[in-house]
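I have placed the structure first, in the form of structure tokens, so that the comments after it can refer back to it.
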Amino acid sequence: MSDDPYSHAAWVDALRDGVLLGGRCRECGWTSATPQAACLECATRDLEPTTLPLEGTLHTETTVAVSPTGFDAPYRVGIVDLGATRLLCRLEGDAAIGDPVAFAGTLETADGEVAPLFTDADQSP
Amino acid sequence: MTDVRIVGAGMTDFGVHDRPLAELFADAAVDALDDAACAPADIDAFYLGNAMSGQTDGDTHLAPTLASHLGMAGIPCTRFEDACATSSNAFSHAVRAVAAGQYDTVLVGGVERCTPATGLGTDEMTAVFASAAHRQYEQPTGLTFPGVFGLLTTRHMHEYGTTEEQLAAVAVKNHRHGTLNPRAQFGTETTVAEVLEGPVVASPFRLLDCCPFSDGAAAVVVTREDAVDDPESAPRVAGIGHATDAVPLATKADLTATQSARDAAAAAYAEADIQPADVDVAEVHDCFTGAEILAIEALGFVDTGEGGHAAVEGTTALGGEIPVNPSGGLKAKGHPIGATGVAQLVELTDQLRGEAGERQVPDARYALAHNLGGDAATTLVTVLDGGVSA
């Protein structure tokens with residue numbers, strides 16, 4: 001576990017623990033779903049780690065049928081609207097834009113990187 | 001600040017080139033230098049766009065290598081990397097340096113090899129392209145670049161009712177334009193039915209919604225206004241806008257706006273002191289059919305949400321209200337990443353000189369290039385003025 005509570009390492013550790021770690025700007029309230037050194041809205045560095053909701057609605061999606069080395073197509077990638085922010089994720093199930101989706105764990109790539117996995121809200125564990 | 005003009009332009013055919021990068025680039029550069037009637041000794045600096053040679057060719061520190069091959073060792077050489085917006089960024093910096101009086105005459109170019117001639121297969125090259133997505137928060141999902149624009153376009157279809165048939169119409173238009181361009185990779189027409197029958201690459205895009213993998217090079221020579229003998233054949237750089245948007249994609253405020261393009265366009269229009277309606281011909285970044293729809297909205301050629309109708313109705317075809325991608329665009333001309341931005345400017349130089357042959361837009365004065373890089377994170381918009389009096 002990284003000492004920095006709002007680093008990539010902390011984000012990955014949280015993801016593996018079933019927590020979506022975001023960051024909220026203490027100045028303006030802007031929220032990110034992935035670590036930032038400063039706020040994208042007001043550039044203040046005063047971001048506090050925050051726990052994001054595990055359910056949201058699907059904002060957009062694509063089915064990747066031609067994959068890069070190390071991935072087996074086809075699979076879906078989506079962007080989930082978590083209310084205060086959005087998160088890019090791997091997507092299982094049939095959710096269309098606007099449908100509820102829920103965090104369903106992590107996906108680990110061959111080179112050790114980790115991505116969040118979401119699925120249809122009514123099929124989440 | 002002095003005005004800057006393009007005095008020479010050259011490019012290779014786009015397609016498959018199984019040759020060293022230096023030799024490929026030299027073909028474009030020699031054409032540009034000869035077109036400008038410049039000797040290598042006349043060039044004060046070299047600005048190069050190349051995005052991926054370290055990954056595709058195991059070849060880095062490319063700028064002095066290419067300059068040496070052309071007999072120009074000794075001058076300052078600088079390489080730029082901004083994914084697909086690479087060489088328009090090199091062009092922007094070259095123009096600013098000349099405008100500021102740092103140099104009189106500069107060579108700007110781009111070169112890239114992306115086809116299987118590199119020895120890389122489709123999955124390997126797809127991974128190279130994907131390296132322009134966020135390493136930690138995009139790449140691990142398996143997101144590809146067709147997927148990036150698939151996300152943006154799927155959202156556009158949801159918000160505005162844009163259809164797969166409208167996407168296909170962009171491919172049909174640009175393939176038709178490409179048949180008029182001897183330098184284009186695709187020289188054949190296609191149909192909406194053929195596009196819609198193709199295999200999915202990343203939804204909503206099928207094979208013919210996507211630009212090809214391409215090898216190629218392009219180059220221009222720019223110089224200060226007072227050194228130009230024949231302004232009629234030397235388009236003036238009237239305005240350049242360069243803007244960025246948030247990375248990763250999910251942090252962007254609006255996924256269909258391509259905000260960096262809107263901001264870059266606003267800056268370029270302001271500097272050129274023109275409106276979108278003044279543009280006579282445009283080369284835009286149609287890496288995927290949906291990208292052209294987002295681009296023409298961001299540039300103000302059509303209202304936001306209305307982009308899907310343009311190719312269907314002929315608005316953006318040669319002979320239409322605002323011809324877009326007369327070269328065939330990335331879709332049909334090809335897209336050797338680091339060469340694309342300057343290649344757009346080569347096409348527009350031909351257009352403003354009245355030398356574009358069968359794809360000539362009559363009486364074009366203002367020409368616009370829109371070159372987008374990464375997950376819509378970088379856009380450069382360049383306005384050229386072919387009028388003699390500034």
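FYI, nothing fancy with the structure tokens labels: chains A, B, ... in order, residues from 1 per chain, ligands from 1 as they appear.
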If you count only C-alpha atoms, which residues fall within 9 Å of His370 of chain B, apart from same-chain ones fewer than 6 positions away, as a PDB file with all heavy atoms, in the first residue's frame?
ATOM      1  N   ALA B  85      -1.952  14.451 -33.860  1.00  0.00           N
ATOM      2  CA  ALA B  85      -1.805  15.890 -34.135  1.00  0.00           C
ATOM      3  C   ALA B  85      -0.335  16.304 -34.208  1.00  0.00           C
ATOM      4  O   ALA B  85      -0.012  17.489 -34.151  1.00  0.00           O
ATOM      5  CB  ALA B  85      -2.521  16.706 -33.068  1.00  0.00           C
ATOM      6  N   SER B  88       1.085  18.834 -37.213  1.00  0.00           N
ATOM      7  CA  SER B  88       0.529  20.190 -37.217  1.00  0.00           C
ATOM      8  C   SER B  88       1.069  20.982 -36.031  1.00  0.00           C
ATOM      9  O   SER B  88       1.184  22.200 -36.100  1.00  0.00           O
ATOM     10  CB  SER B  88      -0.998  20.173 -37.220  1.00  0.00           C
ATOM     11  OG  SER B  88      -1.485  19.444 -36.143  1.00  0.00           O
ATOM     12  N   ALA B 261     -11.059  20.976 -30.012  1.00  0.00           N
ATOM     13  CA  ALA B 261     -11.250  21.451 -31.391  1.00  0.00           C
ATOM     14  C   ALA B 261     -12.016  22.773 -31.396  1.00  0.00           C
ATOM     15  O   ALA B 261     -11.711  23.683 -32.180  1.00  0.00           O
ATOM     16  CB  ALA B 261     -12.001  20.404 -32.213  1.00  0.00           C
ATOM     17  N   ALA B 264      -9.511  25.414 -30.192  1.00  0.00           N
ATOM     18  CA  ALA B 264      -8.487  25.685 -31.215  1.00  0.00           C
ATOM     19  C   ALA B 264      -9.090  26.440 -32.393  1.00  0.00           C
ATOM     20  O   ALA B 264      -8.475  27.367 -32.945  1.00  0.00           O
ATOM     21  CB  ALA B 264      -7.856  24.371 -31.692  1.00  0.00           C
ATOM     22  N   ALA B 265     -10.308  26.063 -32.777  1.00  0.00           N
ATOM     23  CA  ALA B 265     -10.968  26.743 -33.897  1.00  0.00           C
ATOM     24  C   ALA B 265     -11.241  28.203 -33.550  1.00  0.00           C
ATOM     25  O   ALA B 265     -11.003  29.103 -34.373  1.00  0.00           O
ATOM     26  CB  ALA B 265     -12.283  26.033 -34.245  1.00  0.00           C
ATOM     27  N   ALA B 282     -11.930  22.539 -46.425  1.00  0.00           N
ATOM     28  CA  ALA B 282     -11.339  22.081 -45.165  1.00  0.00           C
ATOM     29  C   ALA B 282     -10.857  20.646 -45.276  1.00  0.00           C
ATOM     30  O   ALA B 282     -11.469  19.819 -45.948  1.00  0.00           O
ATOM     31  CB  ALA B 282     -12.369  22.198 -44.030  1.00  0.00           C
ATOM     32  N   GLU B 283      -9.732  20.402 -44.612  1.00  0.00           N
ATOM     33  CA  GLU B 283      -9.258  19.038 -44.383  1.00  0.00           C
ATOM     34  C   GLU B 283      -9.434  18.777 -42.895  1.00  0.00           C
ATOM     35  O   GLU B 283      -8.852  19.494 -42.058  1.00  0.00           O
ATOM     36  CB  GLU B 283      -7.776  18.925 -44.767  1.00  0.00           C
ATOM     37  CG  GLU B 283      -7.525  18.931 -46.263  1.00  0.00           C
ATOM     38  CD  GLU B 283      -7.862  17.592 -46.905  1.00  0.00           C
ATOM     39  OE1 GLU B 283      -7.348  16.561 -46.455  1.00  0.00           O
ATOM     40  OE2 GLU B 283      -8.653  17.572 -47.867  1.00  0.00           O
ATOM     41  N   VAL B 284     -10.267  17.812 -42.521  1.00  0.00           N
ATOM     42  CA  VAL B 284     -10.500  17.553 -41.106  1.00  0.00           C
ATOM     43  C   VAL B 284     -10.114  16.122 -40.747  1.00  0.00           C
ATOM     44  O   VAL B 284      -9.993  15.255 -41.615  1.00  0.00           O
ATOM     45  CB  VAL B 284     -11.963  17.847 -40.682  1.00  0.00           C
ATOM     46  CG1 VAL B 284     -12.444  19.175 -41.232  1.00  0.00           C
ATOM     47  CG2 VAL B 284     -12.899  16.713 -41.066  1.00  0.00           C
ATOM     48  N   HIS B 285      -9.957  15.910 -39.444  1.00  0.00           N
ATOM     49  CA  HIS B 285      -9.377  14.668 -38.940  1.00  0.00           C
ATOM     50  C   HIS B 285     -10.427  13.562 -38.860  1.00  0.00           C
ATOM     51  O   HIS B 285     -11.006  13.299 -37.808  1.00  0.00           O
ATOM     52  CB  HIS B 285      -8.768  14.929 -37.562  1.00  0.00           C
ATOM     53  CG  HIS B 285      -7.753  13.918 -37.170  1.00  0.00           C
ATOM     54  ND1 HIS B 285      -6.437  13.990 -37.549  1.00  0.00           N
ATOM     55  CD2 HIS B 285      -7.866  12.774 -36.447  1.00  0.00           C
ATOM     56  CE1 HIS B 285      -5.771  12.959 -37.064  1.00  0.00           C
ATOM     57  NE2 HIS B 285      -6.618  12.194 -36.405  1.00  0.00           N
ATOM     58  N   ALA B 295     -16.100  16.796 -35.860  1.00  0.00           N
ATOM     59  CA  ALA B 295     -15.207  17.892 -36.281  1.00  0.00           C
ATOM     60  C   ALA B 295     -15.979  19.019 -36.953  1.00  0.00           C
ATOM     61  O   ALA B 295     -15.751  20.195 -36.645  1.00  0.00           O
ATOM     62  CB  ALA B 295     -14.132  17.349 -37.229  1.00  0.00           C
ATOM     63  N   LEU B 299     -16.089  22.834 -35.577  1.00  0.00           N
ATOM     64  CA  LEU B 299     -15.548  23.923 -36.400  1.00  0.00           C
ATOM     65  C   LEU B 299     -16.612  24.953 -36.760  1.00  0.00           C
ATOM     66  O   LEU B 299     -16.297  25.995 -37.337  1.00  0.00           O
ATOM     67  CB  LEU B 299     -14.929  23.348 -37.684  1.00  0.00           C
ATOM     68  CG  LEU B 299     -13.685  22.482 -37.473  1.00  0.00           C
ATOM     69  CD1 LEU B 299     -13.334  21.712 -38.745  1.00  0.00           C
ATOM     70  CD2 LEU B 299     -12.496  23.324 -37.016  1.00  0.00           C
ATOM     71  N   GLY B 341      -0.813  15.714 -40.282  1.00  0.00           N
ATOM     72  CA  GLY B 341      -1.065  17.151 -40.128  1.00  0.00           C
ATOM     73  C   GLY B 341      -0.471  17.967 -41.261  1.00  0.00           C
ATOM     74  O   GLY B 341      -1.138  18.843 -41.841  1.00  0.00           O
ATOM     75  N   GLN B 344      -2.266  17.377 -44.608  1.00  0.00           N
ATOM     76  CA  GLN B 344      -3.465  18.216 -44.765  1.00  0.00           C
ATOM     77  C   GLN B 344      -3.075  19.572 -45.356  1.00  0.00           C
ATOM     78  O   GLN B 344      -3.769  20.105 -46.236  1.00  0.00           O
ATOM     79  CB  GLN B 344      -4.147  18.436 -43.411  1.00  0.00           C
ATOM     80  CG  GLN B 344      -4.798  17.179 -42.826  1.00  0.00           C
ATOM     81  CD  GLN B 344      -5.385  17.447 -41.443  1.00  0.00           C
ATOM     82  OE1 GLN B 344      -4.824  18.204 -40.644  1.00  0.00           O
ATOM     83  NE2 GLN B 344      -6.516  16.815 -41.146  1.00  0.00           N
ATOM     84  N   THR B 379      -5.963  19.352 -30.234  1.00  0.00           N
ATOM     85  CA  THR B 379      -6.379  19.702 -31.589  1.00  0.00           C
ATOM     86  C   THR B 379      -5.647  20.962 -32.030  1.00  0.00           C
ATOM     87  O   THR B 379      -5.502  21.905 -31.256  1.00  0.00           O
ATOM     88  CB  THR B 379      -7.893  19.930 -31.710  1.00  0.00           C
ATOM     89  OG1 THR B 379      -8.586  18.809 -31.171  1.00  0.00           O
ATOM     90  CG2 THR B 379      -8.303  20.113 -33.177  1.00  0.00           C
ATOM     91  N   LEU B 380      -5.170  20.929 -33.257  1.00  0.00           N
ATOM     92  CA  LEU B 380      -4.652  22.125 -33.909  1.00  0.00           C
ATOM     93  C   LEU B 380      -5.540  22.455 -35.095  1.00  0.00           C
ATOM     94  O   LEU B 380      -5.899  21.576 -35.882  1.00  0.00           O
ATOM     95  CB  LEU B 380      -3.210  21.927 -34.378  1.00  0.00           C
ATOM     96  CG  LEU B 380      -2.222  22.064 -33.210  1.00  0.00           C
ATOM     97  CD1 LEU B 380      -1.707  20.728 -32.791  1.00  0.00           C
ATOM     98  CD2 LEU B 380      -1.111  23.041 -33.550  1.00  0.00           C
ATOM     99  N   VAL B 381      -5.913  23.717 -35.188  1.00  0.00           N
ATOM    100  CA  VAL B 381      -6.671  24.215 -36.330  1.00  0.00           C
ATOM    101  C   VAL B 381      -5.840  25.297 -36.994  1.00  0.00           C
ATOM    102  O   VAL B 381      -5.381  26.235 -36.328  1.00  0.00           O
ATOM    103  CB  VAL B 381      -8.046  24.770 -35.890  1.00  0.00           C
ATOM    104  CG1 VAL B 381      -8.748  25.443 -37.061  1.00  0.00           C
ATOM    105  CG2 VAL B 381      -8.914  23.655 -35.318  1.00  0.00           C
ATOM    106  N   THR B 382      -5.614  25.133 -38.286  1.00  0.00           N
ATOM    107  CA  THR B 382      -4.780  26.064 -39.046  1.00  0.00           C
ATOM    108  C   THR B 382      -5.603  26.651 -40.171  1.00  0.00           C
ATOM    109  O   THR B 382      -6.273  25.919 -40.899  1.00  0.00           O
ATOM    110  CB  THR B 382      -3.558  25.327 -39.629  1.00  0.00           C
ATOM    111  OG1 THR B 382      -2.867  24.667 -38.566  1.00  0.00           O
ATOM    112  CG2 THR B 382      -2.618  26.294 -40.334  1.00  0.00           C
TER     113      THR B 382
END
- Query: Using only C-alpha atoms, which residues sit within 12 Å of Gln36 of chain A once same-chain residues fewer than 3 positions away are excluded, as a list of chain:residue names?
  - Reply: A:Pro5, A:Tyr6, A:Ser7, A:His8, A:Trp11, A:Leu21, A:Gly22, A:Gly23, A:Arg24, A:Cys25, A:Trp30, A:Thr31, A:Ser32, A:Ala33, A:Cys39, A:Leu40, A:Glu41, A:Ala43, A:Thr44, A:Arg45, A:Asp46, A:Leu47, A:Glu48, A:Pro49, B:Tyr137, B:Ala246, B:Val247, B:Pro248, B:Thr251
- Run DSSP on the backbone and grab whatever in chain A lands in strand (DSSP E or B); send it over as a PyMOL selection string. chain A and resi 20-25+31-32+47-52+55-64+75-81+86-91+100-108+114-120
- Message: I need the residue nearest Leu58 of chain A from this list: A:Pro116, A:Gly70, A:Gly93, A:Gly98. Use only C-alpha atoms for the distance.
- Response: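 The closest residue to Leu58 of chain A is A:Gly98.
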- Query: What are the residues of chain A that have an atom within 6 Å of an atom of chain B, counting only C-alpha atoms, as a PyMOL selection string?
  - Reply: chain A and resi 60-66+68-69+86-88+90+113-115
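Nearest residue to Gln55 of chain B, choosing from B:His17, B:His93, B:Arg262, B:Arg113 and counting only C-alpha atoms: B:Arg113.
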- Message: Here is a test: counting only C-alpha atoms, which residue of B:Ala51, B:Leu207, B:Ala100, B:Ala257 is nearest to Asp303 of chain B?
- Response: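 Closest residue, counting only C-alpha atoms: B:Ala257.
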- Message: Give me the residues near Ile322 of chain B as an NGL selection string, where near means some atom within 10 Å (using only C-alpha atoms) and where sequence neighbours in that chain fewer than 4 positions away do not count.
- Response: :B and (276-282 or 296 or 301-302 or 310 or 314-318 or 361)
- Item | Secondary structure check, alpha helix (DSSP H) residues of segment 11-212 of chain B, as a ChimeraX atom specification | /B:21-35,53-56,62-69,86-99,122-130,145-160,164-178,192-197
- Got a sec: who's within 7 Å of Ala32 of chain B, counting only C-alpha atoms, leaving out chain neighbours fewer than 6 positions off, as a list in words?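 Here the qualifying residues turn out to be Gly8, Ala9, Gly10, Ala219, Val220 and Val221 of chain B.
Residues in contact range of Gly328 of chain B, defined as at most 10 Å between only C-alpha atoms, with sequence neighbours fewer than 5 positions away removed, read B:Ala171, B:Val172, B:Lys173, B:Asn174, B:His175, B:Arg176, B:His177, B:Gly178, B:Thr179, B:Leu180, B:Asn181, B:Arg183, B:Ala184, B:Gln185, B:Phe186, B:Gly187, B:Glu283, B:Asp286, B:Lys333, B:Gly334, B:Arg359.
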Restrict the selected residues to C-alpha atoms and save them as a CSV table (one decimal), in the first residue's frame.
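Listing of selection-v9.csv after writing:
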chain,number,residue,atom,x,y,z
B,171,ALA,CA,-17.0,7.1,-45.8
B,172,VAL,CA,-18.8,7.0,-49.1
B,173,LYS,CA,-18.0,10.8,-49.7
B,174,ASN,CA,-14.4,10.5,-48.7
B,175,HIS,CA,-13.8,7.4,-50.7
B,176,ARG,CA,-15.3,9.3,-53.7
B,177,HIS,CA,-13.0,12.2,-53.1
B,178,GLY,CA,-10.1,9.8,-52.7
B,179,THR,CA,-10.6,8.5,-56.3
B,180,LEU,CA,-9.7,12.0,-57.5
B,181,ASN,CA,-6.4,12.0,-55.5
B,183,ARG,CA,-1.7,10.1,-53.7
B,184,ALA,CA,-4.6,8.4,-51.8
B,185,GLN,CA,-4.3,4.9,-50.4
B,186,PHE,CA,-7.8,4.0,-51.4
B,187,GLY,CA,-8.7,4.8,-55.0
B,283,GLU,CA,-9.3,19.0,-44.4
B,286,ASP,CA,-11.7,11.8,-40.1
B,333,LYS,CA,-6.0,9.2,-48.5
B,334,GLY,CA,-4.5,7.3,-45.5
B,359,ARG,CA,-10.7,17.6,-56.8
- Task: Name the residues in contact with Gly54 of chain B at a cut-off of 12 Å, using only C-alpha atoms, excluding same-chain residues fewer than 5 positions from it; report them as number ranges by chain.
- Result: B: 21, 59-62, 81, 112-114, 118, 128
- Task: Point out the residue among B:Ser92, B:Thr65, B:Asn325, B:Asn50 with the least atom-to-atom distance to Ala268 of chain B, counting only C-alpha atoms.
- Result: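 Of all the options, B:Ser92 lies closest to Ala268 of chain B.
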